[in-house]
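Structure file work_8.cif with mmCIF, C-alpha atoms:
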```cif
data_protein
#
loop_
_atom_site.label_atom_id
_atom_site.label_comp_id
_atom_site.auth_asym_id
_atom_site.auth_seq_id
_atom_site.Cartn_x
_atom_site.Cartn_y
_atom_site.Cartn_z
CA THR A 1 62.68 36.27 39.35
CA GLU A 2 59.48 34.31 39.71
CA SER A 3 57.99 35.83 36.55
CA GLU A 4 61.09 34.93 34.56
CA LEU A 5 61.01 31.38 35.95
CA THR A 6 57.47 30.80 34.78
CA GLN A 7 58.42 31.83 31.25
CA THR A 8 61.12 29.15 30.78
CA PRO A 9 60.29 26.42 28.26
CA ASP A 10 60.80 23.63 30.77
CA PHE A 11 58.38 25.16 33.27
CA CYS A 12 55.73 25.81 30.63
CA LEU A 13 55.81 22.25 29.33
CA ARG A 14 55.68 20.78 32.84
CA LEU A 15 52.68 23.00 33.64
CA GLN A 16 50.90 21.88 30.45
CA PHE A 17 51.62 18.25 31.24
CA ALA A 18 50.17 18.67 34.76
CA LYS A 19 47.01 20.21 33.29
CA PHE A 20 46.82 17.38 30.79
CA VAL A 21 46.90 14.73 33.53
CA THR A 22 44.17 16.55 35.46
CA ILE A 23 41.93 16.74 32.38
CA ILE A 24 42.17 13.09 31.30
CA GLU A 25 41.18 11.89 34.76
CA ILE A 26 37.65 13.19 34.27
CA MET A 27 37.23 11.86 30.70
CA ASN A 28 35.78 8.57 29.51
CA SER A 29 37.91 6.13 27.56
CA ARG A 30 36.93 7.23 24.08
CA ASP A 31 37.45 10.92 24.80
CA ARG A 32 40.80 10.20 26.45
CA ILE A 33 42.13 8.50 23.33
CA HIS A 34 41.18 11.40 21.08
CA PHE A 35 42.53 13.91 23.56
CA ILE A 36 45.84 12.10 23.90
CA LEU A 37 46.35 11.92 20.15
CA LEU A 38 45.63 15.61 19.77
CA PHE A 39 47.85 16.50 22.70
CA ILE A 40 50.74 14.48 21.28
CA GLN A 41 50.60 16.48 18.07
CA TYR A 42 50.39 19.75 20.00
CA TYR A 43 53.19 18.73 22.40
CA ASP A 44 55.50 17.73 19.55
CA LEU A 45 54.87 21.06 17.82
CA GLN A 46 55.63 22.98 21.03
CA VAL A 47 58.90 21.13 21.51
CA GLN A 48 59.97 21.88 17.96
CA ILE A 49 59.22 25.60 18.39
CA ILE A 50 61.03 25.82 21.74
CA ALA A 51 64.00 23.77 20.54
CA ALA A 52 64.55 26.20 17.71
CA ARG A 53 65.06 28.98 20.27
CA ALA A 54 66.76 27.08 23.14
CA ASP A 55 70.33 25.90 23.70
CA ALA A 56 71.45 22.30 23.50
CA ALA A 57 71.02 21.57 27.21
CA GLU A 58 67.41 22.74 27.31
CA THR A 59 66.64 20.89 24.11
CA LYS A 60 67.90 17.64 25.59
CA VAL A 61 65.69 18.08 28.64
CA LEU A 62 62.66 18.78 26.45
CA PHE A 63 63.20 15.70 24.32
CA CYS A 64 63.54 13.58 27.45
CA MET A 65 60.20 14.90 28.68
CA LEU A 66 58.56 14.19 25.32
CA THR A 67 59.92 10.64 25.30
CA THR A 68 58.55 10.04 28.79
CA PHE A 69 55.17 11.46 27.85
CA LEU A 70 54.95 9.35 24.69
CA GLU A 71 55.73 6.25 26.72
CA ILE A 72 52.94 7.08 29.17
CA ALA A 73 50.51 7.69 26.34
CA ARG A 74 51.52 4.47 24.60
CA ASN A 75 50.95 2.43 27.76
CA PHE A 76 47.58 4.08 28.27
CA LEU A 77 46.48 3.17 24.76
CA LEU A 78 47.55 -0.44 25.28
CA VAL A 79 45.49 -0.64 28.46
CA ILE A 80 42.43 0.69 26.63
CA LYS A 81 42.99 -1.81 23.80
CA GLU A 82 43.15 -4.74 26.23
CA TYR A 83 40.04 -3.53 28.00
CA ARG A 84 38.09 -3.37 24.75
CA ALA A 85 39.24 -6.86 23.80
CA LYS A 86 37.97 -8.32 27.08
CA ARG A 87 34.61 -6.54 27.33
CA LYS A 88 31.41 -7.98 25.80
CA SER A 89 30.50 -7.01 22.27
CA PRO A 90 27.75 -4.36 22.10
CA LEU A 91 24.28 -5.36 20.87
CA ILE A 92 24.06 -5.18 17.10
CA TRP A 93 21.25 -3.04 15.63
CA ARG A 94 20.62 -5.42 12.73
CA LYS A 95 19.83 -9.07 13.37
CA GLU A 96 21.32 -11.46 10.87
CA ARG A 97 18.60 -13.52 9.22
CA THR A 98 18.99 -16.32 6.74
CA SER A 99 16.32 -17.21 4.21
CA LEU A 100 16.65 -18.36 0.63
CA PHE A 101 12.95 -18.27 -0.25
CA TRP A 102 13.22 -15.22 -2.52
CA GLU A 103 16.91 -15.44 -3.41
CA LYS A 104 16.80 -19.06 -4.54
CA GLU A 105 13.42 -20.79 -4.48
CA CYS A 106 11.43 -18.05 -6.22
CA GLN A 107 14.10 -17.62 -8.88
CA GLU A 108 14.13 -21.33 -9.71
CA CYS A 109 10.40 -22.06 -9.49
CA SER A 110 8.18 -22.47 -12.54
CA ASP A 111 6.04 -19.64 -13.92
CA LEU A 112 2.89 -21.34 -12.63
CA ASP A 113 4.30 -21.63 -9.12
CA PHE A 114 5.45 -18.01 -9.26
CA LYS A 115 1.91 -16.90 -10.16
CA ASN A 116 0.37 -18.96 -7.38
CA ILE A 117 2.81 -17.47 -4.85
CA PHE A 118 2.58 -13.81 -5.82
CA ARG A 119 -0.84 -13.85 -7.59
CA LEU A 120 0.53 -12.46 -10.87
CA GLU A 121 2.70 -13.62 -13.72
CA ARG A 122 6.45 -13.09 -13.78
CA ARG A 123 6.27 -10.63 -16.68
CA SER A 124 3.70 -8.53 -14.82
CA PHE A 125 5.93 -8.58 -11.76
CA PHE A 126 8.89 -7.09 -13.60
CA GLU A 127 6.62 -4.58 -15.35
CA LEU A 128 5.47 -3.47 -11.91
CA CYS A 129 9.08 -3.21 -10.77
CA ASP A 130 9.84 -0.82 -13.63
CA ILE A 131 6.89 1.37 -12.67
CA LEU A 132 7.70 1.44 -8.94
CA LYS A 133 11.40 2.21 -9.07
CA GLY A 134 10.85 5.09 -6.67
CA ILE A 135 10.38 2.83 -3.63
CA GLY A 136 13.85 1.33 -3.98
CA LYS A 137 16.44 2.05 -1.27
CA GLU A 138 20.21 2.56 -1.52
CA ASP A 139 22.91 0.70 0.40
CA THR A 140 24.51 2.46 3.37
CA ASN A 141 27.84 2.08 5.16
CA TYR A 142 26.13 -0.01 7.84
CA ARG A 143 24.14 -2.52 5.81
CA LYS A 144 22.82 -3.41 2.39
CA ALA A 145 19.30 -2.30 1.53
CA ILE A 146 16.50 -4.70 0.61
CA THR A 147 16.42 -4.81 -3.17
CA LEU A 148 13.51 -3.30 -5.11
CA GLU A 149 12.39 -6.69 -6.45
CA LYS A 150 12.39 -8.23 -2.98
CA ARG A 151 10.45 -5.30 -1.51
CA ILE A 152 7.72 -5.67 -4.14
CA ALA A 153 7.69 -9.44 -3.66
CA ILE A 154 7.22 -9.02 0.10
CA ALA A 155 4.30 -6.63 -0.43
CA LEU A 156 2.62 -8.82 -3.05
CA TYR A 157 2.99 -11.93 -0.90
CA ALA A 158 1.56 -10.11 2.11
CA LEU A 159 -1.46 -8.91 0.08
CA GLY A 160 -1.92 -12.17 -1.80
CA SER A 161 -1.98 -14.36 1.29
CA SER A 162 -3.69 -14.28 4.66
CA ALA A 163 -0.44 -15.00 6.50
CA GLU A 164 0.53 -12.87 9.48
CA TYR A 165 3.32 -10.34 9.04
CA ARG A 166 5.66 -12.34 11.26
CA THR A 167 5.19 -15.36 8.97
CA VAL A 168 5.99 -13.24 5.92
CA ALA A 169 9.01 -11.77 7.74
CA SER A 170 10.37 -15.20 8.60
CA LEU A 171 9.85 -16.43 5.05
CA PHE A 172 11.76 -13.55 3.45
CA GLY A 173 14.38 -13.14 6.18
CA VAL A 174 13.40 -9.62 7.30
CA SER A 175 11.92 -8.10 10.44
CA ASN A 176 8.22 -7.74 11.22
CA SER A 177 8.48 -3.96 11.16
CA SER A 178 10.13 -4.09 7.74
CA VAL A 179 7.18 -6.03 6.31
CA CYS A 180 4.70 -3.53 7.76
CA ARG A 181 6.67 -0.56 6.45
CA ILE A 182 7.17 -2.10 3.01
CA VAL A 183 3.45 -2.86 2.60
CA ARG A 184 2.51 0.72 3.50
CA GLU A 185 5.07 2.23 1.13
CA PHE A 186 4.10 -0.19 -1.64
CA CYS A 187 0.37 0.59 -1.39
CA ALA A 188 0.98 4.34 -1.44
CA ALA A 189 3.34 4.07 -4.42
CA VAL A 190 0.97 1.79 -6.37
CA TRP A 191 -1.96 4.17 -5.93
CA ASN A 192 0.05 7.24 -6.94
CA ALA A 193 1.71 5.55 -9.93
CA LEU A 194 -1.13 3.44 -11.36
CA LYS A 195 -4.28 5.40 -10.55
CA PRO A 196 -3.82 8.07 -13.29
CA ASN A 197 -3.59 5.38 -15.99
CA TYR A 198 -5.73 2.50 -14.72
CA LEU A 199 -8.45 4.00 -12.51
CA ASN A 200 -9.19 7.39 -14.00
CA TYR A 201 -12.35 7.02 -16.10
CA PHE A 202 -14.17 10.14 -14.92
CA PRO A 203 -14.97 12.56 -16.45
CA LEU A 204 -16.11 10.14 -19.14
CA THR A 205 -14.88 10.52 -22.69
CA GLU A 206 -16.98 9.59 -25.70
CA THR A 207 -14.61 6.80 -26.75
CA VAL A 208 -14.55 5.15 -23.32
CA ALA A 209 -18.31 5.49 -22.86
CA GLN A 210 -19.07 4.00 -26.27
CA THR A 211 -16.79 1.03 -25.64
CA ILE A 212 -18.44 0.27 -22.30
CA VAL A 213 -21.96 0.66 -23.72
CA ASN A 214 -21.21 -1.65 -26.65
CA ASP A 215 -19.90 -4.35 -24.31
CA PHE A 216 -23.05 -4.26 -22.15
CA ASN A 217 -25.24 -4.12 -25.24
CA ASN A 218 -23.64 -7.37 -26.40
CA MET A 219 -24.57 -8.85 -23.02
CA GLY A 220 -28.20 -7.86 -23.55
CA PHE A 221 -28.62 -4.52 -21.78
CA PRO A 222 -28.36 -1.33 -23.90
CA GLN A 223 -27.43 2.16 -22.70
CA CYS A 224 -25.51 0.84 -19.69
CA ILE A 225 -22.18 2.36 -18.60
CA GLY A 226 -21.56 0.20 -15.55
CA ALA A 227 -22.87 -2.00 -12.75
CA LEU A 228 -22.92 -0.59 -9.23
CA ASP A 229 -22.74 -2.47 -5.94
CA GLY A 230 -21.13 -2.49 -2.51
CA CYS A 231 -18.85 -5.04 -0.87
CA HIS A 232 -18.13 -5.48 2.84
CA ILE A 233 -14.48 -6.08 3.79
CA GLU A 234 -13.79 -7.28 7.31
CA VAL A 235 -11.63 -5.03 9.50
CA LYS A 236 -10.63 -4.68 13.15
CA PRO A 237 -11.60 -1.17 14.26
CA LYS A 238 -10.72 0.57 17.50
CA LYS A 239 -12.88 -0.30 20.46
CA GLU A 240 -14.36 3.18 20.73
CA ASP A 241 -15.36 3.17 17.02
CA ALA A 242 -16.49 -0.45 16.75
CA VAL A 243 -20.22 0.30 16.81
CA ASP A 244 -19.92 2.31 13.57
CA TYR A 245 -18.29 -0.59 11.72
CA TYR A 246 -20.74 -3.27 12.86
CA ASN A 247 -22.72 -4.36 9.80
CA TYR A 248 -26.05 -6.14 9.41
CA LYS A 249 -24.24 -9.46 8.91
CA GLY A 250 -22.91 -9.40 12.44
CA TRP A 251 -19.25 -8.46 11.99
CA TYR A 252 -17.08 -5.36 11.55
CA SER A 253 -16.36 -4.06 8.08
CA VAL A 254 -15.76 -1.16 5.74
CA VAL A 255 -17.69 -0.80 2.50
CA LEU A 256 -16.14 -0.81 -0.95
CA LEU A 257 -18.63 0.80 -3.36
CA ALA A 258 -17.63 0.22 -6.97
CA LEU A 259 -18.81 0.83 -10.51
CA VAL A 260 -17.63 -1.97 -12.82
CA ASP A 261 -17.67 -2.50 -16.58
CA SER A 262 -18.27 -5.75 -18.44
CA ARG A 263 -14.54 -6.60 -18.34
CA TYR A 264 -14.54 -6.59 -14.53
CA ARG A 265 -12.55 -3.33 -14.42
CA PHE A 266 -13.26 -0.85 -11.65
CA LEU A 267 -14.43 2.42 -13.18
CA TYR A 268 -15.00 4.12 -9.83
CA ILE A 269 -14.39 3.13 -6.19
CA ASN A 270 -15.47 4.62 -2.89
CA VAL A 271 -13.55 3.15 0.06
CA GLY A 272 -13.77 3.57 3.80
CA SER A 273 -17.42 3.98 4.72
CA PRO A 274 -18.22 2.15 8.00
CA GLY A 275 -20.06 -1.14 7.72
CA ARG A 276 -23.27 0.21 9.25
CA CYS A 277 -23.81 2.43 6.18
CA ASN A 278 -25.99 1.03 3.41
CA ASP A 279 -24.94 1.05 -0.23
CA SER A 280 -27.61 3.49 -1.34
CA GLY A 281 -26.67 6.05 1.29
CA ILE A 282 -23.00 5.85 0.31
CA TYR A 283 -23.87 6.38 -3.35
CA GLU A 284 -26.12 9.36 -2.59
CA ARG A 285 -23.20 11.08 -0.81
CA SER A 286 -20.53 10.02 -3.29
CA SER A 287 -18.77 12.01 -5.98
CA LEU A 288 -20.01 9.46 -8.53
CA LYS A 289 -23.59 10.71 -8.26
CA ALA A 290 -22.50 14.32 -8.66
CA GLU A 291 -20.38 13.37 -11.67
CA LEU A 292 -23.26 11.56 -13.35
CA LEU A 293 -25.64 14.46 -12.78
CA ARG A 294 -23.36 16.99 -14.45
CA CYS A 295 -22.11 14.73 -17.26
CA LYS A 296 -23.69 15.98 -20.49
CA LEU A 297 -22.26 13.04 -22.43
CA LEU A 298 -24.84 10.71 -20.84
CA TYR A 299 -27.68 12.65 -22.45
CA ASP A 300 -25.87 13.29 -25.71
CA GLN A 301 -25.72 9.50 -26.22
CA ARG A 302 -29.43 8.91 -25.54
CA LYS A 303 -31.48 6.57 -27.72
CA SER A 304 -35.21 6.07 -28.23
CA PHE A 305 -36.93 2.92 -26.92
CA ASN A 306 -40.72 2.77 -27.32
CA ASN A 307 -40.80 6.53 -27.91
CA VAL A 308 -38.85 7.26 -24.74
CA GLU A 309 -35.42 8.93 -24.95
CA ILE A 310 -33.16 6.97 -22.60
CA PRO A 311 -29.70 8.33 -21.71
CA LEU A 312 -26.75 6.27 -20.53
CA VAL A 313 -27.48 4.76 -17.10
CA ILE A 314 -25.93 2.50 -14.50
CA ILE A 315 -27.61 -0.64 -13.19
CA ALA A 316 -27.82 -1.71 -9.54
CA ASP A 317 -29.76 -4.00 -7.22
CA SER A 318 -32.82 -3.27 -5.11
CA ALA A 319 -30.80 -1.59 -2.35
CA PHE A 320 -30.43 1.56 -4.45
CA ARG A 321 -32.98 4.27 -5.16
CA LEU A 322 -34.47 4.32 -8.63
CA SER A 323 -33.51 7.53 -10.45
CA ARG A 324 -32.77 8.89 -13.90
CA ASN A 325 -29.16 7.68 -13.62
CA VAL A 326 -29.71 4.40 -11.76
CA LEU A 327 -31.96 1.54 -12.86
CA LYS A 328 -32.82 -1.39 -10.62
CA PRO A 329 -35.10 -4.45 -10.92
CA PHE A 330 -38.85 -4.34 -10.56
CA PRO A 331 -39.93 -5.35 -7.03
CA PHE A 332 -40.58 -9.08 -6.84
CA ASN A 333 -44.21 -9.97 -7.22
CA VAL A 334 -45.93 -13.13 -8.42
CA GLU A 335 -48.07 -10.90 -10.62
CA ASN A 336 -45.12 -9.40 -12.48
CA THR A 337 -45.64 -9.26 -16.23
CA THR A 338 -43.48 -11.09 -18.72
CA ALA A 339 -41.87 -7.79 -19.69
CA GLN A 340 -40.98 -7.03 -16.09
CA ARG A 341 -39.51 -10.49 -15.57
CA GLU A 342 -37.50 -10.17 -18.76
CA PHE A 343 -36.16 -6.81 -17.61
CA ASN A 344 -35.18 -8.23 -14.21
CA TYR A 345 -33.46 -11.18 -15.85
CA ARG A 346 -31.38 -9.03 -18.19
CA LEU A 347 -30.46 -6.55 -15.49
CA SER A 348 -29.42 -9.26 -13.04
CA ARG A 349 -27.48 -11.05 -15.76
CA CYS A 350 -25.45 -7.93 -16.55
CA ARG A 351 -25.14 -6.82 -12.95
CA ARG A 352 -23.25 -10.00 -12.09
CA VAL A 353 -20.08 -8.41 -13.44
CA VAL A 354 -19.70 -6.29 -10.32
CA GLU A 355 -20.13 -9.30 -8.03
CA ASN A 356 -17.64 -11.24 -10.14
CA ALA A 357 -15.19 -8.33 -9.95
CA PHE A 358 -15.41 -8.40 -6.14
CA GLY A 359 -14.91 -12.15 -6.24
CA HIS A 360 -11.82 -11.85 -8.42
CA LEU A 361 -10.43 -9.08 -6.22
CA LYS A 362 -10.79 -11.17 -3.07
CA ALA A 363 -9.48 -14.30 -4.77
CA ARG A 364 -6.31 -12.61 -5.99
CA PHE A 365 -5.66 -10.56 -2.85
CA ARG A 366 -6.62 -12.93 -0.07
CA ARG A 367 -5.78 -10.43 2.65
CA ILE A 368 -8.92 -8.58 1.56
CA GLY A 369 -10.95 -11.74 1.18
CA LYS A 370 -10.02 -13.15 4.59
CA GLY A 371 -10.21 -9.82 6.41
CA LEU A 372 -7.74 -7.03 7.14
CA ASP A 373 -5.98 -7.22 10.49
CA ASN A 374 -4.10 -3.97 9.84
CA ARG A 375 -4.69 -0.73 11.69
CA ILE A 376 -7.94 0.86 10.59
CA ASP A 377 -5.98 3.92 9.41
CA ASN A 378 -4.16 1.79 6.82
CA THR A 379 -7.09 -0.27 5.48
CA ASN A 380 -8.23 2.29 2.91
CA ALA A 381 -4.79 2.51 1.32
CA ILE A 382 -4.55 -1.29 1.07
CA ILE A 383 -8.00 -1.65 -0.51
CA LYS A 384 -7.39 1.13 -3.04
CA ALA A 385 -4.01 -0.33 -3.98
CA CYS A 386 -5.55 -3.76 -4.57
CA CYS A 387 -8.29 -2.27 -6.75
CA VAL A 388 -5.88 -0.39 -8.99
CA LEU A 389 -3.60 -3.45 -9.16
CA HIS A 390 -6.67 -5.45 -10.23
CA ASN A 391 -7.20 -3.07 -13.17
CA PHE A 392 -3.48 -3.05 -14.00
CA LEU A 393 -3.32 -6.84 -14.22
CA ILE A 394 -6.45 -6.98 -16.40
CA SER A 395 -4.78 -4.54 -18.80
CA GLN A 396 -1.76 -6.87 -18.82
CA ARG A 397 -4.08 -9.79 -19.64
CA ASP A 398 -2.92 -11.41 -16.42
CA TYR A 399 -6.14 -13.09 -15.37
CA ILE A 400 -6.84 -15.04 -12.23
CA THR A 401 -6.67 -18.81 -12.08
CA ASP A 402 -9.97 -20.65 -11.72
CA THR A 403 -8.64 -22.63 -8.75
CA TRP A 404 -8.34 -19.37 -6.78
CA LEU A 405 -12.11 -18.80 -6.92
CA PRO A 406 -14.37 -20.22 -4.20
CA ASP A 407 -17.50 -22.17 -4.95
CA PRO A 408 -19.91 -20.15 -7.14
CA GLY A 409 -22.53 -20.14 -4.44
CA SER A 410 -20.24 -18.45 -1.92
CA MET A 411 -19.29 -15.58 -4.21
CA THR A 412 -22.65 -13.87 -4.08
CA GLU A 413 -23.30 -11.82 -0.95
CA GLU A 414 -26.68 -12.55 0.54
CA GLN A 415 -27.66 -9.06 1.54
CA SER A 416 -30.78 -7.95 3.30
CA ARG A 417 -32.04 -5.48 0.76
CA VAL A 418 -34.43 -2.83 1.98
CA VAL A 419 -36.68 -1.31 -0.67
CA PRO A 420 -36.81 2.48 -0.27
CA LEU A 421 -40.16 3.93 0.72
CA ASN A 422 -40.25 6.25 -2.26
CA GLU A 423 -39.89 3.49 -4.85
CA ARG A 424 -43.53 3.68 -5.89
CA ARG A 425 -43.21 7.34 -6.80
CA LEU A 426 -43.18 7.77 -10.56
CA ASN A 427 -40.00 9.37 -11.86
CA LEU A 428 -37.75 9.25 -14.90
CA GLY A 429 -36.28 5.98 -13.69
CA ASP A 430 -39.73 4.38 -13.88
CA CYS A 431 -40.21 5.67 -17.42
CA TYR A 432 -36.85 4.35 -18.55
CA ARG A 433 -37.42 1.00 -16.86
CA ASN A 434 -40.89 0.56 -18.34
CA ALA A 435 -39.69 1.49 -21.82
CA LEU A 436 -36.79 -0.95 -21.69
CA SER A 437 -38.97 -3.74 -20.31
CA GLN A 438 -41.37 -3.34 -23.22
CA HIS A 439 -38.43 -3.36 -25.62
CA PHE A 440 -36.98 -6.52 -24.05
CA ALA A 441 -40.37 -8.27 -24.17
CA GLN A 442 -40.34 -7.95 -27.97
CA ASP A 443 -37.08 -9.91 -28.15
CA PRO A 444 -36.69 -12.06 -25.02
CA ILE A 445 -33.38 -13.88 -24.46
CA GLN A 446 -34.80 -16.50 -22.08
CA SER A 447 -37.42 -19.06 -22.95
CA SER A 448 -38.78 -19.47 -19.43
CA ILE A 449 -38.40 -17.72 -16.10
#
```
Encoding of this model in structure tokens:
Amino acid sequence: TESELTQTPDFCLRLQFAKFVTIIEIMNSRDRIHFILLFIQYYDLQVQIIAARADAAETKVLFCMLTTFLEIARNFLLVIKEYRAKRKSPLIWRKERTSLFWEKECQECSDLDFKNIFRLERRSFFELCDILKGIGKEDTNYRKAITLEKRIAIALYALGSSAEYRTVASLFGVSNSSVCRIVREFCAAVWNALKPNYLNYFPLTETVAQTIVNDFNNMGFPQCIGALDGCHIEVKPKKEDAVDYYNYKGWYSVVLLALVDSRYRFLYINVGSPGRCNDSGIYERSSLKAELLRCKLLYDQRKSFNNVEIPLVIIADSAFRLSRNVLKPFPFNVENTTAQREFNYRLSRCRRVVENAFGHLKARFRRIGKGLDNRIDNTNAIIKACCVLHNFLISQRDYITDTWLPDPGSMTEEQSRVVPLNERRLNLGDCYRNALSQHFAQDPIQSSI
């Protein structure tokens, strides 16, 4: 009968083979190969099962069919292999680049050349590598990862020079996007790893405060815990936000407000305020002012000068408002007394440390000194990373080279200082300033002004 005929092994295998041919016609080459290999295994298993139950004649027919099918499949695979050999190679997703700058030249150069290239000594470089092990990548089955040392070298070279990212990429044999990504990851890792140990002075401790005060006292200004000033760093903001970043000098910038000790270390930084903001306004809104107001240690360390109890204070220039925590020079006047001139001289002499710190920062990390061409969203991270690296290298006694510094006259920012309207109002700052000026007049450190 017809139902019995359809149940014979020969008919079933022929029907499966017909279905197989219909299926592979609608498949692409790769799917066909996988399907054929799977079908061969299934077909062979079916033949073995049927042969165990069939007579010799049927078994011979089945094996003949299997041999024919295997021959067809083998020919099909050969055709696919020849087609693949003739077709064009697909585009590779990793471009091969050759550069021996890091692999050979930097390993063989002298220590002085290494410091001039990467703006730090070789020992500091490897110390930084030990701290930043977390940014290392592992090799994959497709390519080898950029080594940890090379990643840090790329970031340091990008920050220490004003070269474009494509120049850095060509020098190190990597892509432009890799340089951009490495710099971002490096800056984030540096801030997270180094900030707790090298830029974490507040709240002040008695030991730290006493050390800072003693250093400034040796310079000629007692009761000082830091010099405060702002620094403009050139940026390229978005067109719609450009007006906010346009400063009084005529270019676009963000402001770095910093408190610095006598060793040029940053005690506090405030980064990211648009260039149109003045230094005093940034300080008034900063966390530094709030911290100084609630710090009892400043008043516990007060000393008497001319019968006036003076707490620990910070010194600044004329752009800031005179207060009980901030002292600034007396307004310039030809009728200033000798005591007032002596006070101004000592304050300006000690306040230079903050300007020198900015100069050293820009000299070591020239990307900051020449201007940041990065996206405005990434500028704050770069500036903060450079500041904490500055403190880290000072702790390593890895100082800058004198040849990196510009001419002394170009280091000082000529700023248009606006004297606040309320300066003439008598407050604690006036009392402290008058008492110190009288104290300095009794023991002047300059013979003529």
Report as JSON lines the residues of range 160-227 of chain A within 8 Å of range 374-383 of chain A, each with its shortest atom pair and distance in Å (one decimal), using all atoms listed in the file, ordered by chain and increasing residue number.
```
{"residue": "A:Arg184", "atom": "CA", "partner": "A:Asn378", "partner_atom": "CA", "distance": 7.5}
{"residue": "A:Cys187", "atom": "CA", "partner": "A:Ile382", "partner_atom": "CA", "distance": 5.8}
{"residue": "A:Ala188", "atom": "CA", "partner": "A:Ala381", "partner_atom": "CA", "distance": 6.7}
{"residue": "A:Trp191", "atom": "CA", "partner": "A:Ala381", "partner_atom": "CA", "distance": 8.0}
```
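Here the question is which of A:Val353, A:Leu132, A:Ala319, A:Leu267 gets nearest to Pro331 in chain A using only C-alpha atoms, and that residue is A:Ala319.
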Using the chain letters and numbers from the file, give me the residues hit by the PyMOL selection byres ((chain A and resi 218-223) around 12), as JSON, numbers by chain. {"A": [209, 210, 211, 212, 213, 214, 215, 216, 217, 224, 225, 226, 227, 261, 262, 263, 298, 299, 300, 301, 302, 303, 304, 305, 309, 310, 311, 312, 313, 314, 315, 325, 326, 327, 342, 343, 344, 345, 346, 347, 348, 349, 350, 351, 352, 353, 432, 433, 435, 436, 437, 439, 440, 443, 444, 445, 446]}
From the list A:Leu288, A:Ala363, A:Thr403, A:Ala158, which residue is nearest Leu204 in chain A when using all atoms listed in the file? A:Leu288
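Residues selected in this file by the PyMOL selection byres ((chain A and resi 388) around 9) comprise Val190, Trp191, Leu194, Lys195, Tyr198, Leu199, Phe266, Ile383, Lys384, Ala385, Cys386, Cys387, Leu389, His390, Asn391, Phe392 and Leu393 of chain A.
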Could those residues be written to a file, using C-alpha atoms, as a PDB file, keeping the file's coordinate frame?
```
ATOM      1  CA  VAL A 190       0.970   1.790  -6.370  1.00  0.00           C
ATOM      2  CA  TRP A 191      -1.960   4.170  -5.930  1.00  0.00           C
ATOM      3  CA  LEU A 194      -1.130   3.440 -11.360  1.00  0.00           C
ATOM      4  CA  LYS A 195      -4.280   5.400 -10.550  1.00  0.00           C
ATOM      5  CA  TYR A 198      -5.730   2.500 -14.720  1.00  0.00           C
ATOM      6  CA  LEU A 199      -8.450   4.000 -12.510  1.00  0.00           C
ATOM      7  CA  PHE A 266     -13.260  -0.850 -11.650  1.00  0.00           C
ATOM      8  CA  ILE A 383      -8.000  -1.650  -0.510  1.00  0.00           C
ATOM      9  CA  LYS A 384      -7.390   1.130  -3.040  1.00  0.00           C
ATOM     10  CA  ALA A 385      -4.010  -0.330  -3.980  1.00  0.00           C
ATOM     11  CA  CYS A 386      -5.550  -3.760  -4.570  1.00  0.00           C
ATOM     12  CA  CYS A 387      -8.290  -2.270  -6.750  1.00  0.00           C
ATOM     13  CA  LEU A 389      -3.600  -3.450  -9.160  1.00  0.00           C
ATOM     14  CA  HIS A 390      -6.670  -5.450 -10.230  1.00  0.00           C
ATOM     15  CA  ASN A 391      -7.200  -3.070 -13.170  1.00  0.00           C
ATOM     16  CA  PHE A 392      -3.480  -3.050 -14.000  1.00  0.00           C
ATOM     17  CA  LEU A 393      -3.320  -6.840 -14.220  1.00  0.00           C
TER      18      LEU A 393
END
```
Please determine, counting all atoms listed in the file, which residue among A:Thr140, A:Ser286, A:Asn434, A:Thr401 has the shortest atom-to-atom distance to Asn116 in chain A.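 Using all atoms listed in the file, the shortest distance to Asn116 in chain A belongs to A:Thr401.
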As an exercise, work out the distance from CA of Val174 in chain A to CA of Lys362 in chain A in Å and give it to one decimal place.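 These two atoms are separated by 26.4 Å.
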With all atoms listed in the file as the counted atoms, please give the residues lying no more than 8 Å from range 368-370 of chain A, apart from itself and same-chain residues fewer than 6 positions off, as a PyMOL selection string. chain A and resi 159+162+233-234+361-362+383
Selected residues, C-alpha atoms, written as a PDB file, in the frame of the given file, please.
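Just written: part.pdb:
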```pdb
ATOM      1  CA  LEU A 159      -1.460  -8.910   0.080  1.00  0.00           C
ATOM      2  CA  SER A 162      -3.690 -14.280   4.660  1.00  0.00           C
ATOM      3  CA  ILE A 233     -14.480  -6.080   3.790  1.00  0.00           C
ATOM      4  CA  GLU A 234     -13.790  -7.280   7.310  1.00  0.00           C
ATOM      5  CA  LEU A 361     -10.430  -9.080  -6.220  1.00  0.00           C
ATOM      6  CA  LYS A 362     -10.790 -11.170  -3.070  1.00  0.00           C
ATOM      7  CA  ILE A 383      -8.000  -1.650  -0.510  1.00  0.00           C
TER       8      ILE A 383
END
```
Name the closest residue to Ile117 in chain A among the candidates A:Glu240, A:Thr167, A:Phe365, A:Glu138; distances are taken between atoms, counting only C-alpha atoms. A:Phe365
